[in-house]
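To start, the structure under review is shown below, and the notes come after it.
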Number of protein chains: 2
Amino acid sequence: MTWSMTNTLHHPAPEEITLPTVLAALGDETRLAIISMLARFGEDERNMTCSYFLSLGSKTALSYHIGKLREAGIIHVRPEGTKRLLSLRRTDLETRFPGFLASILASAEQLTPGAASLSSEFPGQSGLQS
Amino acid sequence: MTWSMTNTLHHPAPEEITLPTVLAALGDETRLAIISMLARFGEDERNMTCSYFLSLGSKTALSYHIGKLREAGIIHVRPEGTKRLLSLRRTDLETRFPGFLASILASAEQLTPGAASLSSEFPGQSGLQS
DNA sequence: CGATAAGTTCAAAAATTATTGAACATTGAA
DNA sequence: TTCAATGTTCAATAATTTTTGAACTTATCG
C-alpha cells in the first residue's frame with residue numbers, strides 16, 4: 001500500500017473505457033477545461049504538468065479531477081521526476097467512441113476563451129493561488 | 001405558481017444549451033438509456049411517453065431524470081392529454097454540437113442490448129413496478 | 001545536506017444529486 | 001360523475017461528488 005511516485009499509475013485498457021463514465025467525467029467545467037487546454041497546448045507534452053492547470057483550482061482539487069480523468073480513460077499520466085506529464089488518449093478514445101472527442105473539443109473551444117493567457121508561460125514559477 | 005399539465009414546459013433555446021450541462025445530463029446510466037431508446041424507437045413519437053421507460057426506474061425517478069434531460073436541452077417534452085410525448089432535439093443538438101449526438105448514440109447502442117424487449121408492447125397496461 | 005517544488009493522501013466538511021413515498025392535478029373513459 | 005391512468009410536486013433521506021487543509025513522499029536544486 002506504499003505509494004511511490006515512480007510507480008506507474010493505473011489506466012483502464014481501451015475496452016474498459018465506458019461511455020457513462022467518460023460522459024460523467026467530462027460533465028464538469030473544470031475537467032472540460034483541462035482536456036480543452038490539453039488538446040490545444042498539449043502537442044508538446046513537456047509543458048502539460050498538473051501545475052499548468054493551477055488557474056482552474058487548488059493543487060488538491062486538481063489532483064482529484066486529474067485522477068477522475070485518468071480513471072475514466074480520458075487522459076494518460078506519466079510520472080517524470082516529481083512531475084506528471086498529461087496527455088489526451090486521443091486514439092484510444094477515437095477507437096472506442098468514434099468522432100466523440102473531436103465533437104467535444106470543437107464545442108469546448110468556445111468555453112475556454114482566454115486559455116492562451118493562463119500559466120505555463122513561466123514554467124518555473126510557484127503558481128499557487130491566493 | 002399553480003401547476004397545469006396543459007402549460008408548455010420550459011425548454012432552453014438552442015443557444016442556451018451548454019456542453020457541460022449536456023455532458024452532465026448524459027453522464028448517468030438511466031438518462032443515457034432513455035435517450036438511446038428514444039433514438040431507436042422514437043421515430044413514432046406517439047409511443048414515447050414517460051411510462052414507456054418505467055423499466056428504468058420508478059415513476060418519480062423518471063420524472064426527475066426526464067426533467068434533467070429537458071432542462072439540459074436534450075429532449076423535448078410535449079404534453080398530450082395526461083401524457084408526455086418525448087422526442088430527441090436532434091437538429092438543435094446537431095446545430096450546437098455537430099457530430100456529438102451521433103457519436104453518443106452509436107456508442108450507446110451496445111449499452112442497451114435488450115432494449116427491444118422492454119415495455120410498450122402493450123401500451124395500455126398499468127406498468128408500475130412492484 | 002537542507003530547502004524547495006510537485007503531487008499525493010487522508011479525513012472531514014460542504015455541496016450536489018438521486019431516490020422514495022405520500023399527496024396532488026389533470027385528463028380520458030365507463 | 002366517478003374511476004383509473006399518467007405525471008407532477010414536495011419534503012425527507014440517502015448517496016455521491018467536490019473542496020479543504022494538514023501532513024506526507026519523492027525528486028531536484030543549491
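Chain labels run A, B, ... following the order of the C-alpha cells; each chain numbers its residues from 1, and ligands are numbered from 1 in the order shown.
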Per-residue nearest contacts of chain A to chain B (7 Å; only C-alpha atoms) as CSV:
residue,atom,partner,partner_atom,distance
A:Pro20,CA,B:Gly27,CA,4.9
A:Thr21,CA,B:Gly27,CA,6.6
A:Leu23,CA,B:Gly27,CA,4.5
A:Ala24,CA,B:Gly27,CA,3.9
A:Leu26,CA,B:Leu23,CA,6.3
A:Gly27,CA,B:Ala24,CA,3.9
A:Asp28,CA,B:Pro20,CA,5.8
A:Glu29,CA,B:Pro20,CA,6.1
A:Phe97,CA,B:Ser107,CA,5.8
A:Pro98,CA,B:Ser103,CA,6.3
A:Gly99,CA,B:Ser103,CA,5.7
A:Phe100,CA,B:Ser103,CA,5.3
A:Ser103,CA,B:Phe100,CA,5.3
A:Ile104,CA,B:Phe100,CA,6.9
A:Ser107,CA,B:Phe97,CA,5.8
Given the selection you just returned, output its residues as a file containing C-alpha atoms, formatted as a PDB file, in the first residue's frame.
ATOM      1  CA  PRO A  20     -21.291   6.749 -18.983  1.00  0.00           C
ATOM      2  CA  THR A  21     -18.020   7.095 -17.092  1.00  0.00           C
ATOM      3  CA  LEU A  23     -19.535  11.450 -20.012  1.00  0.00           C
ATOM      4  CA  ALA A  24     -19.714  11.831 -16.255  1.00  0.00           C
ATOM      5  CA  LEU A  26     -16.489  15.397 -18.784  1.00  0.00           C
ATOM      6  CA  GLY A  27     -19.673  16.796 -17.301  1.00  0.00           C
ATOM      7  CA  ASP A  28     -17.713  19.159 -15.134  1.00  0.00           C
ATOM      8  CA  GLU A  29     -16.443  22.599 -16.046  1.00  0.00           C
ATOM      9  CA  PHE A  97     -16.153   6.216 -29.437  1.00  0.00           C
ATOM     10  CA  PRO A  98     -15.511   7.374 -32.993  1.00  0.00           C
ATOM     11  CA  GLY A  99     -15.992  11.064 -33.513  1.00  0.00           C
ATOM     12  CA  PHE A 100     -16.821  11.740 -29.915  1.00  0.00           C
ATOM     13  CA  SER A 103     -17.006  16.898 -31.415  1.00  0.00           C
ATOM     14  CA  ILE A 104     -16.417  17.641 -27.746  1.00  0.00           C
ATOM     15  CA  SER A 107     -17.580  22.578 -28.998  1.00  0.00           C
TER      16      SER A 107
END
Could you list, with a cut-off of 12 Å and counting only C-alpha atoms (C1' of nucleotides), the residues of chain D near chain B, each shown with its nearest atom pair and the distance in Å rounded to one decimal, rows sorted by chain and ascending number, as JSON lines?
{"residue": "D:DA4", "atom": "C1'", "partner": "B:Ser126", "partner_atom": "CA", "distance": 9.7}
{"residue": "D:DA5", "atom": "C1'", "partner": "B:Ser126", "partner_atom": "CA", "distance": 7.6}
{"residue": "D:DT6", "atom": "C1'", "partner": "B:Thr82", "partner_atom": "CA", "distance": 5.4}
{"residue": "D:DG7", "atom": "C1'", "partner": "B:Lys83", "partner_atom": "CA", "distance": 7.3}
{"residue": "D:DT8", "atom": "C1'", "partner": "B:Ser63", "partner_atom": "CA", "distance": 7.7}
{"residue": "D:DT9", "atom": "C1'", "partner": "B:Trp3", "partner_atom": "CA", "distance": 9.0}
{"residue": "D:DC10", "atom": "C1'", "partner": "B:Thr60", "partner_atom": "CA", "distance": 11.6}
With N, CA and C atoms (P, O5', C5', C4', C3', O3' and C1' of nucleotides) retained, export the selected residues as a short mmCIF file (atom, residue, chain, number, x, y, z; two decimals), in the first residue's frame.
data_model
loop_
_atom_site.label_atom_id
_atom_site.label_comp_id
_atom_site.auth_asym_id
_atom_site.auth_seq_id
_atom_site.Cartn_x
_atom_site.Cartn_y
_atom_site.Cartn_z
P DA D 4 -60.97 2.42 -9.88
"O5'" DA D 4 -59.95 2.41 -11.10
"C5'" DA D 4 -60.44 2.14 -12.42
"C4'" DA D 4 -59.46 2.67 -13.45
"C3'" DA D 4 -57.99 2.42 -13.08
"O3'" DA D 4 -57.31 2.04 -14.26
"C1'" DA D 4 -58.35 4.74 -13.38
P DA D 5 -55.77 1.64 -14.13
"O5'" DA D 5 -55.11 2.81 -15.01
"C5'" DA D 5 -55.69 3.15 -16.24
"C4'" DA D 5 -54.93 4.32 -16.86
"C3'" DA D 5 -53.41 4.23 -16.67
"O3'" DA D 5 -52.80 4.62 -17.89
"C1'" DA D 5 -54.21 6.25 -15.75
P DT D 6 -51.23 4.55 -18.03
"O5'" DT D 6 -50.81 6.07 -17.79
"C5'" DT D 6 -51.29 7.06 -18.66
"C4'" DT D 6 -50.73 8.40 -18.27
"C3'" DT D 6 -49.23 8.36 -17.93
"O3'" DT D 6 -48.57 9.35 -18.68
"C1'" DT D 6 -50.45 9.46 -16.24
P DG D 7 -46.99 9.26 -18.95
"O5'" DG D 7 -46.44 10.49 -18.14
"C5'" DG D 7 -46.94 10.66 -16.86
"C4'" DG D 7 -46.96 12.13 -16.49
"C3'" DG D 7 -45.63 12.52 -15.85
"O3'" DG D 7 -45.35 13.89 -16.07
"C1'" DG D 7 -47.39 12.52 -14.24
P DT D 8 -43.96 14.46 -15.44
"O5'" DT D 8 -44.54 15.33 -14.22
"C5'" DT D 8 -45.50 16.34 -14.49
"C4'" DT D 8 -45.92 16.99 -13.19
"C3'" DT D 8 -44.75 17.60 -12.41
"O3'" DT D 8 -45.10 18.94 -12.11
"C1'" DT D 8 -46.02 16.16 -11.02
P DT D 9 -44.00 19.94 -11.55
"O5'" DT D 9 -44.13 19.83 -9.96
"C5'" DT D 9 -45.33 20.29 -9.36
"C4'" DT D 9 -45.34 19.92 -7.88
"C3'" DT D 9 -44.10 20.39 -7.11
"O3'" DT D 9 -44.54 21.32 -6.15
"C1'" DT D 9 -44.70 18.16 -6.56
P DC D 10 -43.47 22.33 -5.42
"O5'" DC D 10 -43.38 21.73 -3.95
"C5'" DC D 10 -44.53 21.14 -3.35
"C4'" DC D 10 -44.10 20.25 -2.19
"C3'" DC D 10 -42.75 20.63 -1.57
"O3'" DC D 10 -42.94 20.91 -0.20
"C1'" DC D 10 -42.87 18.29 -2.02
#
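Using only C-alpha atoms (C1' of nucleotides), one finds that the residues of chain C close to chain B, at 7 Å or less, are DT19, DT26 and DT27 of chain C.
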Least-squares superpose chain A onto chain B - every C-alpha atom, paired in order - and show me the moved coordinates as a compact mmCIF listing (two decimals) with C-alpha atoms, in the first residue's frame.
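Result file follows (result.txt):
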# COMPACT_ATOMS: atom_id res chain seq x y z
CA MET A 1 -47.23 29.09 -9.20
CA THR A 2 -50.14 26.79 -10.03
CA TRP A 3 -49.03 23.91 -12.10
CA SER A 4 -51.01 22.95 -15.13
CA MET A 5 -50.53 19.91 -17.27
CA THR A 6 -51.57 21.89 -20.31
CA ASN A 7 -48.95 24.58 -19.79
CA THR A 8 -46.01 24.35 -22.07
CA LEU A 9 -42.92 23.17 -20.27
CA HIS A 10 -39.73 25.16 -20.36
CA HIS A 11 -37.15 24.20 -22.94
CA PRO A 12 -33.87 26.06 -23.36
CA ALA A 13 -33.34 27.82 -26.67
CA PRO A 14 -30.61 26.27 -28.80
CA GLU A 15 -28.10 28.98 -27.83
CA GLU A 16 -28.77 28.27 -24.20
CA ILE A 17 -27.74 24.64 -24.46
CA THR A 18 -24.28 24.28 -22.97
CA LEU A 19 -21.80 21.47 -23.25
CA PRO A 20 -21.06 20.88 -19.55
CA THR A 21 -24.78 20.67 -18.80
CA VAL A 22 -25.41 18.28 -21.66
CA LEU A 23 -22.48 16.09 -20.67
CA ALA A 24 -23.54 16.05 -17.04
CA ALA A 25 -27.06 15.13 -18.04
CA LEU A 26 -25.83 12.24 -20.15
CA GLY A 27 -23.33 11.01 -17.59
CA ASP A 28 -25.93 8.84 -15.97
CA GLU A 29 -26.90 5.31 -16.94
CA THR A 30 -30.63 5.90 -16.68
CA ARG A 31 -30.64 9.04 -18.78
CA LEU A 32 -28.31 7.55 -21.33
CA ALA A 33 -30.68 4.60 -21.64
CA ILE A 34 -33.61 6.97 -22.10
CA ILE A 35 -32.08 8.84 -24.99
CA SER A 36 -30.82 5.62 -26.52
CA MET A 37 -34.31 4.17 -26.49
CA LEU A 38 -35.73 7.43 -27.76
CA ALA A 39 -33.31 7.37 -30.65
CA ARG A 40 -34.15 3.80 -31.56
CA PHE A 41 -37.87 3.59 -31.03
CA GLY A 42 -38.86 7.21 -31.15
CA GLU A 43 -39.46 7.58 -34.88
CA ASP A 44 -43.13 7.31 -33.97
CA GLU A 45 -43.40 9.87 -31.21
CA ARG A 46 -46.79 8.56 -30.10
CA ASN A 47 -45.32 5.72 -28.07
CA MET A 48 -42.64 7.73 -26.33
CA THR A 49 -44.37 8.57 -23.08
CA CYS A 50 -42.73 8.70 -19.68
CA SER A 51 -44.24 5.37 -18.70
CA TYR A 52 -42.59 3.77 -21.69
CA PHE A 53 -39.41 3.96 -19.63
CA LEU A 54 -40.77 2.58 -16.37
CA SER A 55 -38.42 -0.37 -16.60
CA LEU A 56 -35.61 2.08 -15.90
CA GLY A 57 -36.90 3.38 -12.59
CA SER A 58 -39.83 4.52 -10.54
CA LYS A 59 -42.39 6.99 -11.79
CA THR A 60 -40.91 9.72 -9.63
CA ALA A 61 -37.34 8.97 -10.55
CA LEU A 62 -38.26 9.08 -14.22
CA SER A 63 -39.95 12.41 -13.77
CA TYR A 64 -36.71 13.67 -12.28
CA HIS A 65 -34.46 12.27 -14.98
CA ILE A 66 -36.69 13.37 -17.80
CA GLY A 67 -36.76 16.84 -16.29
CA LYS A 68 -32.98 16.86 -16.29
CA LEU A 69 -32.83 15.87 -19.93
CA ARG A 70 -35.38 18.50 -20.84
CA GLU A 71 -33.69 21.28 -18.92
CA ALA A 72 -30.37 20.35 -20.46
CA GLY A 73 -31.94 20.79 -23.88
CA ILE A 74 -31.56 17.20 -24.94
CA ILE A 75 -35.18 16.22 -25.28
CA HIS A 76 -38.44 17.94 -26.02
CA VAL A 77 -41.50 17.14 -23.93
CA ARG A 78 -44.93 17.78 -25.36
CA PRO A 79 -47.97 17.43 -23.11
CA GLU A 80 -50.75 15.51 -24.84
CA GLY A 81 -53.71 14.94 -22.61
CA THR A 82 -52.42 13.37 -19.44
CA LYS A 83 -49.35 12.06 -21.19
CA ARG A 84 -46.00 13.48 -22.19
CA LEU A 85 -44.62 12.78 -25.59
CA LEU A 86 -40.85 12.78 -25.63
CA SER A 87 -38.53 13.36 -28.53
CA LEU A 88 -34.86 13.99 -29.03
CA ARG A 89 -33.87 17.51 -30.04
CA ARG A 90 -31.71 16.11 -32.78
CA THR A 91 -31.37 19.13 -35.00
CA ASP A 92 -30.84 21.56 -32.15
CA LEU A 93 -28.09 19.40 -30.75
CA GLU A 94 -26.54 18.90 -34.14
CA THR A 95 -26.50 22.64 -34.71
CA ARG A 96 -24.97 23.31 -31.35
CA PHE A 97 -22.52 20.40 -31.11
CA PRO A 98 -22.00 18.92 -34.56
CA GLY A 99 -21.44 15.20 -34.57
CA PHE A 100 -21.84 14.87 -30.85
CA LEU A 101 -25.21 13.18 -30.59
CA ALA A 102 -24.45 10.77 -33.40
CA SER A 103 -21.27 9.60 -31.74
CA ILE A 104 -23.03 9.18 -28.41
CA LEU A 105 -25.91 7.23 -29.87
CA ALA A 106 -23.65 4.97 -31.85
CA SER A 107 -21.62 4.17 -28.76
CA ALA A 108 -24.64 3.87 -26.50
CA GLU A 109 -26.24 1.15 -28.57
CA GLN A 110 -24.10 -1.53 -27.03
CA LEU A 111 -25.20 -0.35 -23.59
CA THR A 112 -28.90 -1.12 -23.94
CA PRO A 113 -28.83 -4.55 -25.53
CA GLY A 114 -32.29 -5.84 -24.72
CA ALA A 115 -34.07 -2.59 -25.17
CA ALA A 116 -36.33 -4.06 -27.82
CA SER A 117 -37.95 -6.36 -25.26
CA LEU A 118 -38.91 -3.72 -22.76
CA SER A 119 -42.37 -2.28 -22.30
CA SER A 120 -44.59 -0.47 -24.78
CA GLU A 121 -45.63 -3.62 -26.53
CA PHE A 122 -48.89 -3.33 -24.66
CA PRO A 123 -49.27 0.42 -24.34
CA GLY A 124 -52.39 0.26 -22.20
CA GLN A 125 -50.96 -1.64 -19.25
CA SER A 126 -50.27 -0.48 -15.74
CA GLY A 127 -46.54 -0.69 -15.86
CA LEU A 128 -45.54 -0.08 -12.29
CA GLN A 129 -42.71 -2.15 -10.96
CA SER A 130 -42.83 -4.15 -7.70
Atom C1' of DC10 of chain C sits from atom C1' of DT25 of chain D at a separation of 13.7 Å
Enumerate, as a PyMOL selection string, the complete set of residues in segment 47-102 of chain A that a backbone-based DSSP assignment places in alpha helix (DSSP H). chain A and resi 59-72+90-96+100-102
